[in-house]
file start_1.txt (compact mmCIF, C-alpha atoms)
# COMPACT_ATOMS: atom_id res chain seq x y z
CA MET D 12 132.19 7.03 64.24
CA ARG D 13 131.47 4.06 61.98
CA VAL D 14 132.25 0.38 62.51
CA TRP D 15 132.41 -2.00 59.53
CA ASP D 16 131.31 -5.63 59.98
CA GLU D 17 133.24 -7.57 57.35
CA VAL D 18 131.42 -10.85 58.00
CA HIS D 19 127.89 -9.52 57.68
CA GLN D 20 128.78 -6.65 55.37
CA LYS D 21 127.14 -4.15 57.68
CA VAL D 22 128.01 -0.68 58.99
CA TYR D 23 127.32 0.40 62.59
CA VAL D 24 127.14 4.11 63.37
CA LEU D 25 128.13 5.29 66.84
CA ASP D 26 127.34 8.84 67.91
CA SER D 27 125.98 10.79 70.85
CA ARG D 28 122.70 8.91 70.53
CA SER D 29 124.66 5.68 71.05
CA GLY D 30 126.20 7.06 74.24
CA LEU D 31 129.36 8.82 73.02
CA LEU D 32 130.32 12.13 74.62
CA ASN D 33 130.44 13.82 71.24
CA ASN D 34 129.91 13.07 67.58
CA PHE D 35 133.54 14.02 66.80
CA VAL D 36 136.15 11.36 67.66
CA PHE D 37 139.83 12.50 67.52
CA ALA D 38 141.69 9.25 68.26
CA ILE D 39 140.99 5.55 68.91
CA LEU D 40 143.10 2.95 70.77
CA GLU D 41 142.40 -0.75 71.40
CA ASP D 42 143.53 -2.46 74.64
CA ASP D 43 144.62 -6.04 75.11
CA ASN D 44 141.01 -7.18 75.72
CA GLY D 45 139.69 -5.73 72.43
CA VAL D 46 138.05 -2.75 74.10
CA LEU D 47 138.16 0.53 72.17
CA TRP D 48 139.07 3.85 73.79
CA ALA D 49 138.06 6.98 71.86
CA SER D 50 138.97 10.58 72.69
CA SER D 51 136.69 13.46 71.78
CA VAL D 52 135.99 17.02 72.78
CA ASN D 53 134.68 16.35 76.28
CA GLY D 54 136.60 13.26 77.39
CA ILE D 55 137.34 9.63 76.60
CA SER D 56 134.75 6.93 75.83
CA ARG D 57 135.26 3.24 76.57
CA ILE D 58 133.56 1.18 73.83
CA GLU D 59 133.09 -2.51 74.43
CA VAL D 60 132.31 -4.81 71.52
CA LYS D 61 129.76 -7.57 72.20
CA GLU D 62 128.39 -10.05 69.71
CA GLU D 63 124.90 -11.50 70.22
CA LYS D 64 122.93 -13.62 67.74
CA GLY D 65 124.94 -12.58 64.70
CA SER D 66 124.79 -8.88 65.55
CA TYR D 67 127.02 -6.50 67.51
CA GLU D 68 126.34 -4.20 70.41
CA PHE D 69 128.60 -1.40 71.60
CA PRO D 70 128.08 -0.50 75.30
CA VAL D 71 129.70 2.88 75.97
CA LEU D 72 131.20 4.15 79.25
CA ASN D 73 132.37 7.78 79.33
CA PHE D 74 135.11 9.46 81.42
CA ASN D 75 135.58 13.21 81.90
CA SER D 76 137.29 15.66 84.23
CA LEU D 77 135.42 14.21 87.21
CA ASP D 78 137.41 11.03 86.67
CA GLY D 79 140.78 12.84 86.65
CA LEU D 80 141.04 13.66 82.96
CA GLN D 81 142.26 17.10 81.85
CA GLY D 82 139.65 19.68 81.03
CA GLY D 83 139.05 20.79 77.50
CA LYS D 84 139.33 18.84 74.30
CA PHE D 85 141.86 16.30 73.17
CA ASN D 86 143.91 16.79 70.02
CA VAL D 87 143.27 15.02 66.75
CA GLY D 88 145.44 11.91 66.42
CA ALA D 89 147.21 12.59 69.75
CA ALA D 90 147.04 9.04 71.13
CA MET D 91 149.59 6.23 71.69
CA LYS D 92 149.73 2.78 73.23
CA ALA D 93 153.00 1.89 74.99
CA GLY D 94 154.58 -1.54 75.08
CA ASP D 95 153.32 -2.23 78.60
CA GLY D 96 149.75 -1.41 77.49
CA THR D 97 149.74 2.13 78.87
CA PHE D 98 147.61 4.61 76.92
CA TYR D 99 148.66 8.24 76.28
CA PHE D 100 146.12 10.83 75.10
CA GLY D 101 147.27 14.39 74.41
CA GLY D 102 145.09 17.47 74.69
CA VAL D 103 145.22 21.23 74.85
CA HIS D 104 146.21 21.12 78.52
CA GLY D 105 148.77 18.32 78.34
CA PHE D 106 148.31 14.60 78.25
CA ASN D 107 146.72 11.79 80.30
CA SER D 108 148.15 8.32 80.74
CA PHE D 109 146.60 5.18 82.18
CA ASN D 110 146.73 1.43 81.80
CA PRO D 111 143.31 -0.19 81.28
CA ARG D 112 144.48 -3.27 83.21
CA ASP D 113 145.05 -1.14 86.31
CA MET D 114 141.65 0.57 86.26
CA ALA D 115 139.36 -0.54 89.11
CA MET D 116 135.69 -0.75 88.08
CA ASN D 117 132.80 -0.24 90.47
CA PRO D 118 131.29 -3.76 90.73
CA SER D 119 128.19 -2.86 92.76
CA LYS D 120 124.83 -3.87 91.27
CA ASN D 121 122.02 -1.71 92.54
CA LYS D 122 118.25 -2.07 92.38
CA PRO D 123 116.39 1.21 91.78
CA VAL D 124 113.56 2.36 94.03
CA PHE D 125 110.57 4.58 93.25
CA THR D 126 110.68 7.80 95.23
CA ARG D 127 107.73 9.91 94.03
CA PHE D 128 104.50 9.63 92.07
CA SER D 129 102.80 12.69 90.54
CA LEU D 130 99.57 13.35 88.64
CA PHE D 131 99.49 16.37 86.38
CA ASN D 132 102.78 17.50 88.00
CA THR D 133 101.17 17.36 91.44
CA PRO D 134 102.84 14.96 93.92
CA VAL D 135 100.54 12.30 95.35
CA ARG D 136 101.09 11.44 99.03
CA GLU D 137 100.19 8.25 100.83
CA ASN D 138 96.91 8.22 102.76
CA ILE D 139 96.00 11.62 101.32
CA PRO D 140 93.12 11.57 98.79
CA TYR D 141 93.75 13.07 95.38
CA GLN D 142 90.54 14.76 94.23
CA GLY D 143 88.51 12.36 96.35
CA ASN D 144 90.40 9.25 95.18
CA MET D 145 92.73 7.42 97.56
CA ILE D 146 95.57 6.44 95.24
CA LEU D 147 98.45 5.60 97.60
CA GLU D 148 97.84 3.76 100.87
CA SER D 149 101.59 3.30 101.51
CA PRO D 150 104.78 5.02 100.31
CA VAL D 151 105.35 4.73 96.59
CA GLY D 152 108.56 2.77 97.20
CA LYS D 153 106.51 0.01 98.86
CA THR D 154 103.63 0.14 96.39
CA GLU D 155 103.43 -2.50 93.68
CA ARG D 156 100.28 -1.33 91.91
CA ILE D 157 98.59 2.02 91.32
CA THR D 158 94.99 2.21 90.11
CA LEU D 159 93.81 5.40 88.39
CA LYS D 160 90.69 6.78 86.78
CA HIS D 161 90.41 7.16 83.02
CA ASN D 162 91.10 10.91 83.19
CA GLU D 163 94.11 10.52 85.52
CA ASN D 164 96.48 9.73 82.66
CA PHE D 165 99.21 12.40 83.03
CA ILE D 166 101.64 10.58 85.32
CA THR D 167 105.21 11.11 86.49
CA LEU D 168 107.33 8.55 88.34
CA GLU D 169 110.67 9.40 89.93
CA PHE D 170 113.25 6.81 90.99
CA ALA D 171 116.74 6.65 92.53
CA GLY D 172 119.64 4.36 91.60
CA LEU D 173 121.27 4.23 95.07
CA ASN D 174 124.72 4.84 93.57
CA TYR D 175 126.79 5.99 96.54
CA VAL D 176 130.22 5.80 94.84
CA ASP D 177 129.60 8.41 92.14
CA PRO D 178 125.92 9.39 92.00
CA SER D 179 126.65 12.11 89.47
CA ARG D 180 126.70 9.44 86.74
CA THR D 181 123.86 7.05 87.39
CA TYR D 182 122.40 5.24 84.39
CA PHE D 183 118.78 4.16 84.05
CA ARG D 184 117.09 1.96 81.47
CA TYR D 185 113.31 1.84 81.53
CA LYS D 186 110.35 0.62 79.50
CA LEU D 187 106.60 0.97 79.99
CA GLU D 188 105.19 -2.33 78.78
CA GLY D 189 101.98 -1.79 76.90
CA PHE D 190 103.15 1.61 75.65
CA ASP D 191 106.88 1.64 74.78
CA THR D 192 108.23 -0.63 72.08
CA ASP D 193 111.96 -0.15 72.92
CA TRP D 194 114.04 0.46 75.98
CA ASN D 195 114.90 4.02 76.92
CA GLU D 196 118.23 4.94 78.52
CA ILE D 197 119.10 8.07 80.50
CA VAL D 198 122.02 9.22 82.66
CA THR D 199 121.35 11.45 85.67
CA ALA D 200 122.97 12.78 88.80
CA GLY D 201 121.40 10.10 90.93
CA GLU D 202 117.64 10.33 90.35
CA GLY D 203 115.60 9.62 87.24
CA LYS D 204 112.18 10.74 86.15
CA VAL D 205 109.78 9.57 83.46
CA THR D 206 106.53 11.19 82.36
CA TYR D 207 103.72 9.69 80.31
CA THR D 208 100.71 11.61 79.02
CA GLY D 209 97.48 10.54 77.43
CA LEU D 210 97.63 6.90 78.51
CA ARG D 211 94.60 4.95 77.37
CA PRO D 212 92.65 2.76 79.80
CA GLY D 213 94.41 -0.55 80.35
CA SER D 214 97.17 -2.30 82.29
CA TYR D 215 100.82 -1.20 82.13
CA GLN D 216 104.09 -2.15 83.80
CA LEU D 217 106.98 0.27 84.28
CA ILE D 218 110.27 -1.66 84.47
CA VAL D 219 113.38 0.28 85.53
CA TYR D 220 116.99 -0.94 85.64
CA THR D 221 119.90 1.10 87.03
CA ALA D 222 123.67 1.06 86.54
CA ASN D 223 126.45 2.70 88.54
CA ASN D 224 129.03 5.17 87.27
CA ASP D 225 130.92 2.32 85.57
CA LYS D 226 127.68 1.22 83.89
CA VAL D 227 127.39 -2.05 85.70
CA TRP D 228 123.68 -2.92 85.39
CA GLY D 229 121.58 -4.34 88.16
CA GLY D 230 121.02 -7.60 86.31
CA ASP D 231 117.76 -9.30 87.15
CA GLU D 232 116.67 -6.88 89.87
CA PRO D 233 114.59 -4.13 88.24
CA ALA D 234 112.04 -1.94 89.96
CA VAL D 235 108.55 -2.77 88.69
CA MET D 236 105.43 -0.67 89.10
CA SER D 237 102.05 -1.84 87.78
CA LEU D 238 99.72 0.88 86.52
CA ILE D 239 96.03 0.23 85.94
CA ILE D 240 93.91 2.92 84.31
CA ARG D 241 90.26 2.07 84.67
CA PRO D 242 88.00 2.77 81.69
CA PRO D 243 85.11 5.24 82.02
CA PHE D 244 81.74 3.80 82.91
CA TRP D 245 80.64 3.95 79.27
CA ALA D 246 83.63 1.75 78.28
CA THR D 247 83.41 -0.87 81.03
CA PRO D 248 82.72 -4.51 80.10
CA MET D 249 79.18 -4.17 81.46
CA ALA D 250 78.57 -1.09 79.30
CA VAL D 251 80.06 -2.85 76.27
CA GLY D 252 77.77 -5.81 76.96
CA LEU D 253 74.81 -3.45 77.18
CA TYR D 254 75.85 -1.84 73.89
CA PHE D 255 76.02 -5.28 72.32
CA VAL D 256 72.55 -6.17 73.60
CA LEU D 257 71.19 -2.84 72.33
CA LEU D 258 72.88 -3.41 68.98
CA VAL D 259 71.37 -6.88 68.70
CA ALA D 260 67.97 -5.47 69.69
CA LEU D 261 68.35 -2.72 67.10
CA VAL D 262 69.28 -5.24 64.41
CA ILE D 263 66.29 -7.40 65.34
CA TRP D 264 64.01 -4.35 65.31
CA MET D 265 65.33 -3.25 61.93
CA VAL D 266 64.89 -6.75 60.52
CA ASN D 267 61.33 -6.89 61.86
CA PHE D 268 60.65 -3.36 60.62
CA PHE D 269 61.83 -4.05 57.09
CA THR D 270 60.09 -7.44 57.12
CA ARG D 271 56.79 -5.82 58.17
CA ARG D 272 57.26 -3.07 55.60
CA THR D 273 57.96 -5.65 52.89
CA ARG D 274 54.91 -7.65 53.91
CA ARG D 275 52.82 -4.48 53.97
CA LYS D 276 54.00 -3.55 50.49
CA MET D 277 53.27 -7.07 49.27
CA ALA D 278 49.79 -6.90 50.85
CA GLU D 279 49.19 -3.50 49.25
CA GLN D 280 50.33 -4.83 45.90
CA ARG D 281 48.09 -7.85 46.34
CA LEU D 282 45.12 -5.63 47.22
CA LEU D 283 45.93 -3.39 44.28
CA SER D 284 46.11 -6.43 42.02
CA GLU D 285 42.82 -7.74 43.40
CA ARG D 286 41.26 -4.30 42.95
CA ARG D 287 42.45 -4.18 39.37
CA GLN D 288 41.12 -7.67 38.74
CA LYS D 289 37.80 -6.68 40.28
CA GLU D 290 37.65 -3.55 38.15
CA GLU D 291 38.45 -5.59 35.06
CA LEU D 292 35.73 -8.07 36.03
CA ASP D 293 33.30 -5.23 36.64
CA GLN D 294 34.17 -3.79 33.27
CA MET D 295 33.53 -7.17 31.68
CA LYS D 296 30.18 -7.43 33.47
CA TYR D 297 29.36 -3.89 32.50
CA ARG D 298 30.14 -4.60 28.84
CA PHE D 299 28.15 -7.83 29.01
CA PHE D 300 25.05 -6.25 30.57
CA THR D 301 25.34 -3.28 28.25
CA ASN D 302 25.37 -5.53 25.22
CA VAL D 303 22.49 -7.63 26.54
CA SER D 304 20.50 -4.55 27.50
CA HIS D 305 20.90 -3.09 24.05
CA GLU D 306 19.66 -6.37 22.65
CA PHE D 307 16.57 -6.09 24.92
CA ARG D 308 15.81 -2.50 23.97
CA THR D 309 15.45 -3.17 20.27
CA PRO D 310 12.56 -5.69 20.46
CA LEU D 311 10.92 -3.76 23.30
CA THR D 312 10.93 -0.62 21.18
CA LEU D 313 9.41 -2.56 18.33
CA ILE D 314 6.66 -3.81 20.69
CA LEU D 315 5.89 -0.42 22.18
CA MET D 316 5.64 1.47 18.90
CA PRO D 317 2.69 -0.53 17.40
CA LEU D 318 0.99 -0.65 20.79
CA GLU D 319 1.08 3.12 20.97
CA THR D 320 -0.32 3.27 17.43
CA TRP D 321 -3.18 0.88 18.29
CA MET D 322 -3.97 2.73 21.47
CA LYS D 323 -4.17 6.05 19.60
CA GLN D 324 -6.33 4.57 16.84
CA GLY D 325 -8.68 3.02 19.39
CA GLU D 326 -8.99 -0.33 17.60
CA GLU D 327 -11.68 -2.52 19.13
CA MET D 328 -10.26 -5.81 17.97
CA ILE D 329 -8.17 -5.93 21.20
CA PRO D 330 -9.70 -4.53 24.36
CA ARG D 331 -8.13 -1.26 25.24
CA GLU D 332 -7.55 -2.29 28.82
CA ARG D 333 -5.42 -5.23 27.66
CA LEU D 334 -3.47 -3.02 25.33
CA ILE D 335 -2.83 -0.66 28.23
CA SER D 336 -1.73 -3.58 30.38
CA ILE D 337 0.61 -4.83 27.67
CA TYR D 338 1.92 -1.34 27.10
CA ASN D 339 2.56 -0.74 30.81
CA SER D 340 4.35 -4.08 31.15
CA ALA D 341 6.51 -3.31 28.15
CA ARG D 342 7.30 0.13 29.56
CA GLU D 343 8.20 -1.41 32.90
CA LEU D 344 10.50 -3.88 31.17
CA LEU D 345 12.09 -1.00 29.26
CA THR D 346 12.59 0.86 32.52
CA LEU D 347 14.31 -2.17 34.02
CA VAL D 348 16.55 -2.42 30.97
CA ASN D 349 17.47 1.25 31.31
CA GLN D 350 18.23 0.68 34.97
CA LEU D 351 20.41 -2.25 34.00
CA LEU D 352 22.37 0.08 31.70
CA ASP D 353 22.88 2.46 34.61
CA PHE D 354 23.90 -0.16 37.20
CA ARG D 355 27.55 1.01 37.03
CA LYS D 356 26.48 4.49 38.00
CA LEU D 357 24.39 3.11 40.86
CA GLU D 358 27.35 1.08 42.18
CA MET D 359 29.63 4.11 42.21
CA GLN D 360 27.25 6.79 43.49
CA GLY D 361 24.40 4.88 45.13
CA GLU D 362 20.70 5.04 44.29
CA ALA D 363 18.92 8.34 44.94
CA LEU D 364 15.30 8.83 45.98
CA LYS D 365 13.22 10.53 43.28
CA PRO D 366 9.75 11.38 44.69
CA VAL D 367 6.94 12.49 42.35
CA ARG D 368 3.30 13.40 42.95
CA VAL D 369 1.20 10.28 42.35
CA ASN D 370 -2.50 9.51 42.54
CA VAL D 371 -2.66 6.45 44.76
CA GLU D 372 -5.77 4.94 43.13
CA GLU D 373 -4.48 5.29 39.58
CA PHE D 374 -1.03 4.04 40.57
CA ILE D 375 -2.35 0.84 42.19
CA ARG D 376 -4.99 0.31 39.49
CA THR D 377 -2.26 0.34 36.83
CA ILE D 378 -0.46 -2.44 38.69
CA TYR D 379 -3.76 -4.30 39.11
CA HIS D 380 -4.31 -4.34 35.35
CA GLN D 381 -0.86 -5.83 34.79
CA PHE D 382 -1.77 -8.90 36.88
CA ARG D 383 -5.33 -9.47 35.57
CA ASP D 384 -4.29 -11.76 32.71
CA SER D 385 -2.03 -13.81 34.98
CA THR D 386 -4.74 -14.32 37.62
CA ALA D 387 -7.31 -15.11 34.97
CA ALA D 388 -5.04 -17.78 33.51
CA LYS D 389 -4.98 -19.55 36.93
CA ASN D 390 -8.72 -18.92 37.47
CA ILE D 391 -8.00 -16.84 40.54
CA HIS D 392 -10.58 -14.36 41.69
CA PHE D 393 -8.67 -11.07 41.64
CA VAL D 394 -10.46 -7.75 42.12
CA PHE D 395 -9.49 -4.15 42.86
CA GLU D 396 -11.61 -2.13 45.33
CA TYR D 397 -10.88 1.43 46.32
CA GLU D 398 -13.43 3.24 48.51
CA ALA D 399 -11.29 6.02 49.97
CA GLU D 400 -11.22 9.61 48.86
CA PRO D 401 -8.87 10.44 45.99
CA LEU D 402 -5.38 10.77 47.46
CA CYS D 403 -2.24 12.22 45.90
CA ILE D 404 1.06 11.75 47.68
CA TYR D 405 4.77 12.12 46.91
CA LEU D 406 6.64 8.87 46.46
CA ASP D 407 9.28 7.22 44.31
CA ASP D 408 6.93 5.49 41.89
CA ASN D 409 9.64 3.19 40.57
CA LYS D 410 10.60 1.81 44.00
CA ILE D 411 7.02 1.55 45.33
CA HIS D 412 6.04 -0.15 42.07
CA LYS D 413 8.74 -2.77 42.70
CA VAL D 414 7.50 -3.34 46.26
CA ILE D 415 3.85 -3.84 45.28
CA ASN D 416 4.82 -5.84 42.22
CA ASN D 417 6.92 -8.20 44.39
CA LEU D 418 4.10 -8.67 46.92
CA LEU D 419 1.52 -9.47 44.22
CA SER D 420 3.93 -11.80 42.42
CA ASN D 421 4.47 -13.81 45.63
CA SER D 422 0.73 -13.92 46.31
CA LEU D 423 0.08 -15.14 42.77
CA LYS D 424 2.83 -17.72 43.09
CA TYR D 425 1.51 -19.29 46.30
CA THR D 426 -2.25 -19.02 45.59
CA PRO D 427 -3.60 -22.28 44.12
CA ALA D 428 -5.59 -22.32 40.87
CA GLY D 429 -9.26 -21.38 41.41
CA GLY D 430 -8.39 -19.84 44.75
CA GLU D 431 -9.77 -16.68 46.22
CA HIS D 432 -8.17 -14.69 48.97
CA GLN D 433 -10.53 -13.15 51.48
CA PRO D 434 -9.52 -10.79 54.24
CA GLY D 435 -8.80 -12.78 57.39
CA SER D 436 -8.53 -16.12 55.58
CA LYS D 437 -5.44 -18.32 55.67
CA TYR D 438 -3.84 -20.00 52.73
CA PRO D 439 -0.85 -22.21 52.41
CA GLY D 440 1.78 -19.55 51.91
CA PRO D 441 5.58 -19.82 51.80
CA GLY D 442 7.72 -20.36 54.80
CA ARG D 443 9.97 -17.61 56.13
CA LYS D 444 12.98 -18.89 54.23
CA GLU D 445 11.10 -19.21 50.91
CA LEU D 446 9.43 -15.83 51.36
CA ALA D 447 12.77 -14.18 52.09
CA GLU D 448 14.29 -15.81 49.03
CA ASN D 449 11.40 -14.63 46.81
CA ILE D 450 11.45 -11.13 48.23
CA GLY D 451 15.22 -10.96 47.94
CA GLY D 452 15.13 -12.40 44.41
call {"tool": "encode", "arguments": {"input": "start_1.txt", "output": "structure tokens"}}
result
Amino acid sequence: MRVWDEVHQKVYVLDSRSGLLNNFVFAILEDDNGVLWASSVNGISRIEVKEEKGSYEFPVLNFNSLDGLQGGKFNVGAAMKAGDGTFYFGGVHGFNSFNPRDMAMNPSKNKPVFTRFSLFNTPVRENIPYQGNMILESPVGKTERITLKHNENFITLEFAGLNYVDPSRTYFRYKLEGFDTDWNEIVTAGEGKVTYTGLRPGSYQLIVYTANNDKVWGGDEPAVMSLIIRPPFWATPMAVGLYFVLLVALVIWMVNFFTRRTRRKMAEQRLLSERRQKEELDQMKYRFFTNVSHEFRTPLTLILMPLETWMKQGEEMIPRERLISIYNSARELLTLVNQLLDFRKLEMQGEALKPVRVNVEEFIRTIYHQFRDSTAAKNIHFVFEYEAEPLCIYLDDNKIHKVINNLLSNSLKYTPAGGEHQPGSKYPGPGRKELAENIGG
């Protein structure tokens, strides 16, 4: 059945989902009040036209054999309205006549009551725990709020319309606020039942209206039941707050972690840069000392070669002992230059001990001859006396030579001109600081 709205250019479709007994309508009559009466297979439907906010609604009230109509279907087009307003509808078993003005409607307005509450299809009784949880402390009809656990979300509520005139046609309209978006309407034989599954934690309100057999609704007196499904402990506000604190702590830790890692990388890069700069500086020093050392070796070689020739020829123009002293000093200087060339190797690998067999008397006497000219220039009495038996020991001649050479150099430096050092005598020597500087230098 379709209704055309000429003003708003809109079509309304009425079928069994709208409340009609059947989707096939055989005849339609309109009474003096503008109410439509439509016959179909199973009876006659009363269709009221109501306009609200520019739109139309079509409340439907159905009549069947329980209301005195003939059984079976009505015939197509078999309907007539008499002059006094009486309707005639013909069917396979005869016809029915009635005047809409003479029909008495049931004016009672009832308020529904809740009769039963079930969890997972198991009825819950008052003052009887359900799996250790006391849900109902009074009958469900006197209960305004039910509190459930998060896993108690398969619920069924039953209610009665208290229609004592004709309970076989009791209408209910219900809506679960917080879950349903539209109203749901059902017709029962007196009791209604709704079931909801998988409800999420939260607060809900089930609102139920009822209407009698003439579909007179209860107005402003619905039955209301509040349902509260508590969240699990991991979804409570305290747990959410704890999650937030942990999240903030994690963010802070990650920020600190990445900050420390960035700083560590920057420090490593800085150390690497400093190491590279130091290596470059060392290379520069190495090249500088290498160049200088090579410059030293050339004149030293030129000095040593004629000295060796004179010493072999035994010339008497220069005393041999002085030639030997000059030669030894030049050789020592050449050794130092060679050591200077190898300083890079010493820095990387350290300095190794190289002991050789040395005659103590000859070793010290060689050093003594190197200082004779210097002591003679300052008129210092400087003699070498050795009364022990010949002694040969193993030592690093280079290092011991440096030690003795340093001691004699300091003695020569702090002995006044014309002085003579005797065993047990005291002379104005350097202080601890000056001695340490000379030894270290």
call {"tool": "residues_near_point", "arguments": {"input": "start_1.txt", "point": "(143.7, 0.4, 73.4)", "cutoff": "12 Å", "atoms": "all atoms listed in the file", "output": "number ranges by chain"}}
result
D: 38-50, 55-59, 90-100, 108-112
call {"tool": "write_last_selection", "arguments": {"input": "start_1.txt", "atoms": "C-alpha atoms", "output": "compact mmCIF listing (two decimals), in the coordinates of the input"}}
result
# COMPACT_ATOMS: atom_id res chain seq x y z
CA ALA D 38 141.69 9.25 68.26
CA ILE D 39 140.99 5.55 68.91
CA LEU D 40 143.10 2.95 70.77
CA GLU D 41 142.40 -0.75 71.40
CA ASP D 42 143.53 -2.46 74.64
CA ASP D 43 144.62 -6.04 75.11
CA ASN D 44 141.01 -7.18 75.72
CA GLY D 45 139.69 -5.73 72.43
CA VAL D 46 138.05 -2.75 74.10
CA LEU D 47 138.16 0.53 72.17
CA TRP D 48 139.07 3.85 73.79
CA ALA D 49 138.06 6.98 71.86
CA SER D 50 138.97 10.58 72.69
CA ILE D 55 137.34 9.63 76.60
CA SER D 56 134.75 6.93 75.83
CA ARG D 57 135.26 3.24 76.57
CA ILE D 58 133.56 1.18 73.83
CA GLU D 59 133.09 -2.51 74.43
CA ALA D 90 147.04 9.04 71.13
CA MET D 91 149.59 6.23 71.69
CA LYS D 92 149.73 2.78 73.23
CA ALA D 93 153.00 1.89 74.99
CA GLY D 94 154.58 -1.54 75.08
CA ASP D 95 153.32 -2.23 78.60
CA GLY D 96 149.75 -1.41 77.49
CA THR D 97 149.74 2.13 78.87
CA PHE D 98 147.61 4.61 76.92
CA TYR D 99 148.66 8.24 76.28
CA PHE D 100 146.12 10.83 75.10
CA SER D 108 148.15 8.32 80.74
CA PHE D 109 146.60 5.18 82.18
CA ASN D 110 146.73 1.43 81.80
CA PRO D 111 143.31 -0.19 81.28
CA ARG D 112 144.48 -3.27 83.21
call {"tool": "residues_around", "arguments": {"input": "start_1.txt", "residues": "D:Gly152", "least_positions_apart": "2", "cutoff": "9 Å", "atoms": "all atoms listed in the file", "output": "list in words"}}
result
Val124, Phe125, Thr126, Arg127, Ser149, Pro150, Thr154, Glu155 and Phe170 of chain D
call {"tool": "residues_around", "arguments": {"input": "start_1.txt", "residues": "stretch 184-193 of chain D", "least_positions_apart": "5", "cutoff": "9 Å", "atoms": "only C-alpha atoms", "output": "list in words"}}
result
Val198, Val205, Leu210, Gly213, Ser214, Tyr215, Gln216, Leu217, Ile218, Val219, Tyr220, Thr221 and Ala222 of chain D
call {"tool": "closest_atom_pairs", "arguments": {"input": "start_1.txt", "of": "stretch 207-228 of chain D", "to": "stretch 67-78 of chain D", "cutoff": "12 Å", "atoms": "only C-alpha atoms", "output": "CSV"}}
result
residue,atom,partner,partner_atom,distance
D:Ala222,CA,D:Leu72,CA,10.9
D:Asn223,CA,D:Leu72,CA,10.5
D:Asn224,CA,D:Leu72,CA,8.4
D:Asp225,CA,D:Leu72,CA,6.6
D:Lys226,CA,D:Leu72,CA,6.5
D:Val227,CA,D:Leu72,CA,9.7
D:Trp228,CA,D:Pro70,CA,11.3
call {"tool": "residues_around", "arguments": {"input": "start_1.txt", "residues": "stretch 401-411 of chain D", "least_positions_apart": "6", "cutoff": "6 Å", "atoms": "only C-alpha atoms", "output": "list in words"}}
result
Lys365, Pro366, Val367, Arg368, Val369, Asn370 and Val371 of chain D
call {"tool": "write_last_selection", "arguments": {"input": "start_1.txt", "atoms": "C-alpha atoms", "output": "PDB file, keeping the file's coordinate frame"}}
result
ATOM      1  CA  LYS D 365      13.220  10.530  43.280  1.00  0.00           C
ATOM      2  CA  PRO D 366       9.750  11.380  44.690  1.00  0.00           C
ATOM      3  CA  VAL D 367       6.940  12.490  42.350  1.00  0.00           C
ATOM      4  CA  ARG D 368       3.300  13.400  42.950  1.00  0.00           C
ATOM      5  CA  VAL D 369       1.200  10.280  42.350  1.00  0.00           C
ATOM      6  CA  ASN D 370      -2.500   9.510  42.540  1.00  0.00           C
ATOM      7  CA  VAL D 371      -2.660   6.450  44.760  1.00  0.00           C
TER       8      VAL D 371
END
call {"tool": "axis_aligned_box", "arguments": {"input": "start_1.txt", "around": "stretch 65-68 of chain D", "padding_each_side": "5 Å", "output": "JSON"}}
result
{"center_x": 125.9, "center_y": -8.4, "center_z": 67.6, "size_x": 12.2, "size_y": 18.4, "size_z": 15.7}
call {"tool": "residues_around", "arguments": {"input": "start_1.txt", "residues": "D:Thr386", "least_positions_apart": "2", "cutoff": "10 Å", "atoms": "only C-alpha atoms", "output": "VMD selection string"}}
result
chain D and resid 381 to 384 388 to 394 423 to 424 426 428 to 430
call {"tool": "write_last_selection", "arguments": {"input": "start_1.txt", "atoms": "C-alpha atoms", "output": "short mmCIF file (atom, residue, chain, number, x, y, z; two decimals), in the frame of the given file"}}
result
data_model
loop_
_atom_site.label_atom_id
_atom_site.label_comp_id
_atom_site.auth_asym_id
_atom_site.auth_seq_id
_atom_site.Cartn_x
_atom_site.Cartn_y
_atom_site.Cartn_z
CA GLN D 381 -0.86 -5.83 34.79
CA PHE D 382 -1.77 -8.90 36.88
CA ARG D 383 -5.33 -9.47 35.57
CA ASP D 384 -4.29 -11.76 32.71
CA ALA D 388 -5.04 -17.78 33.51
CA LYS D 389 -4.98 -19.55 36.93
CA ASN D 390 -8.72 -18.92 37.47
CA ILE D 391 -8.00 -16.84 40.54
CA HIS D 392 -10.58 -14.36 41.69
CA PHE D 393 -8.67 -11.07 41.64
CA VAL D 394 -10.46 -7.75 42.12
CA LEU D 423 0.08 -15.14 42.77
CA LYS D 424 2.83 -17.72 43.09
CA THR D 426 -2.25 -19.02 45.59
CA ALA D 428 -5.59 -22.32 40.87
CA GLY D 429 -9.26 -21.38 41.41
CA GLY D 430 -8.39 -19.84 44.75
#
call {"tool": "residues_around", "arguments": {"input": "start_1.txt", "residues": "stretch 161-169 of chain D", "least_positions_apart": "3", "cutoff": "8 Å", "atoms": "only C-alpha atoms", "output": "list in words"}}
result
Phe125, Thr126, Arg127, Phe128, Ser129, Leu130, Phe131, Asn132, Glu202, Gly203, Lys204, Val205, Thr206, Tyr207, Thr208, Gly209, Leu210, Arg211, Pro212, Ile240, Arg241, Pro242 and Pro243 of chain D
call {"tool": "atom_distance", "arguments": {"input": "start_1.txt", "atom1": "atom CA of D:Ser51", "atom2": "atom CA of D:Asn195"}}
result
24.3 Å
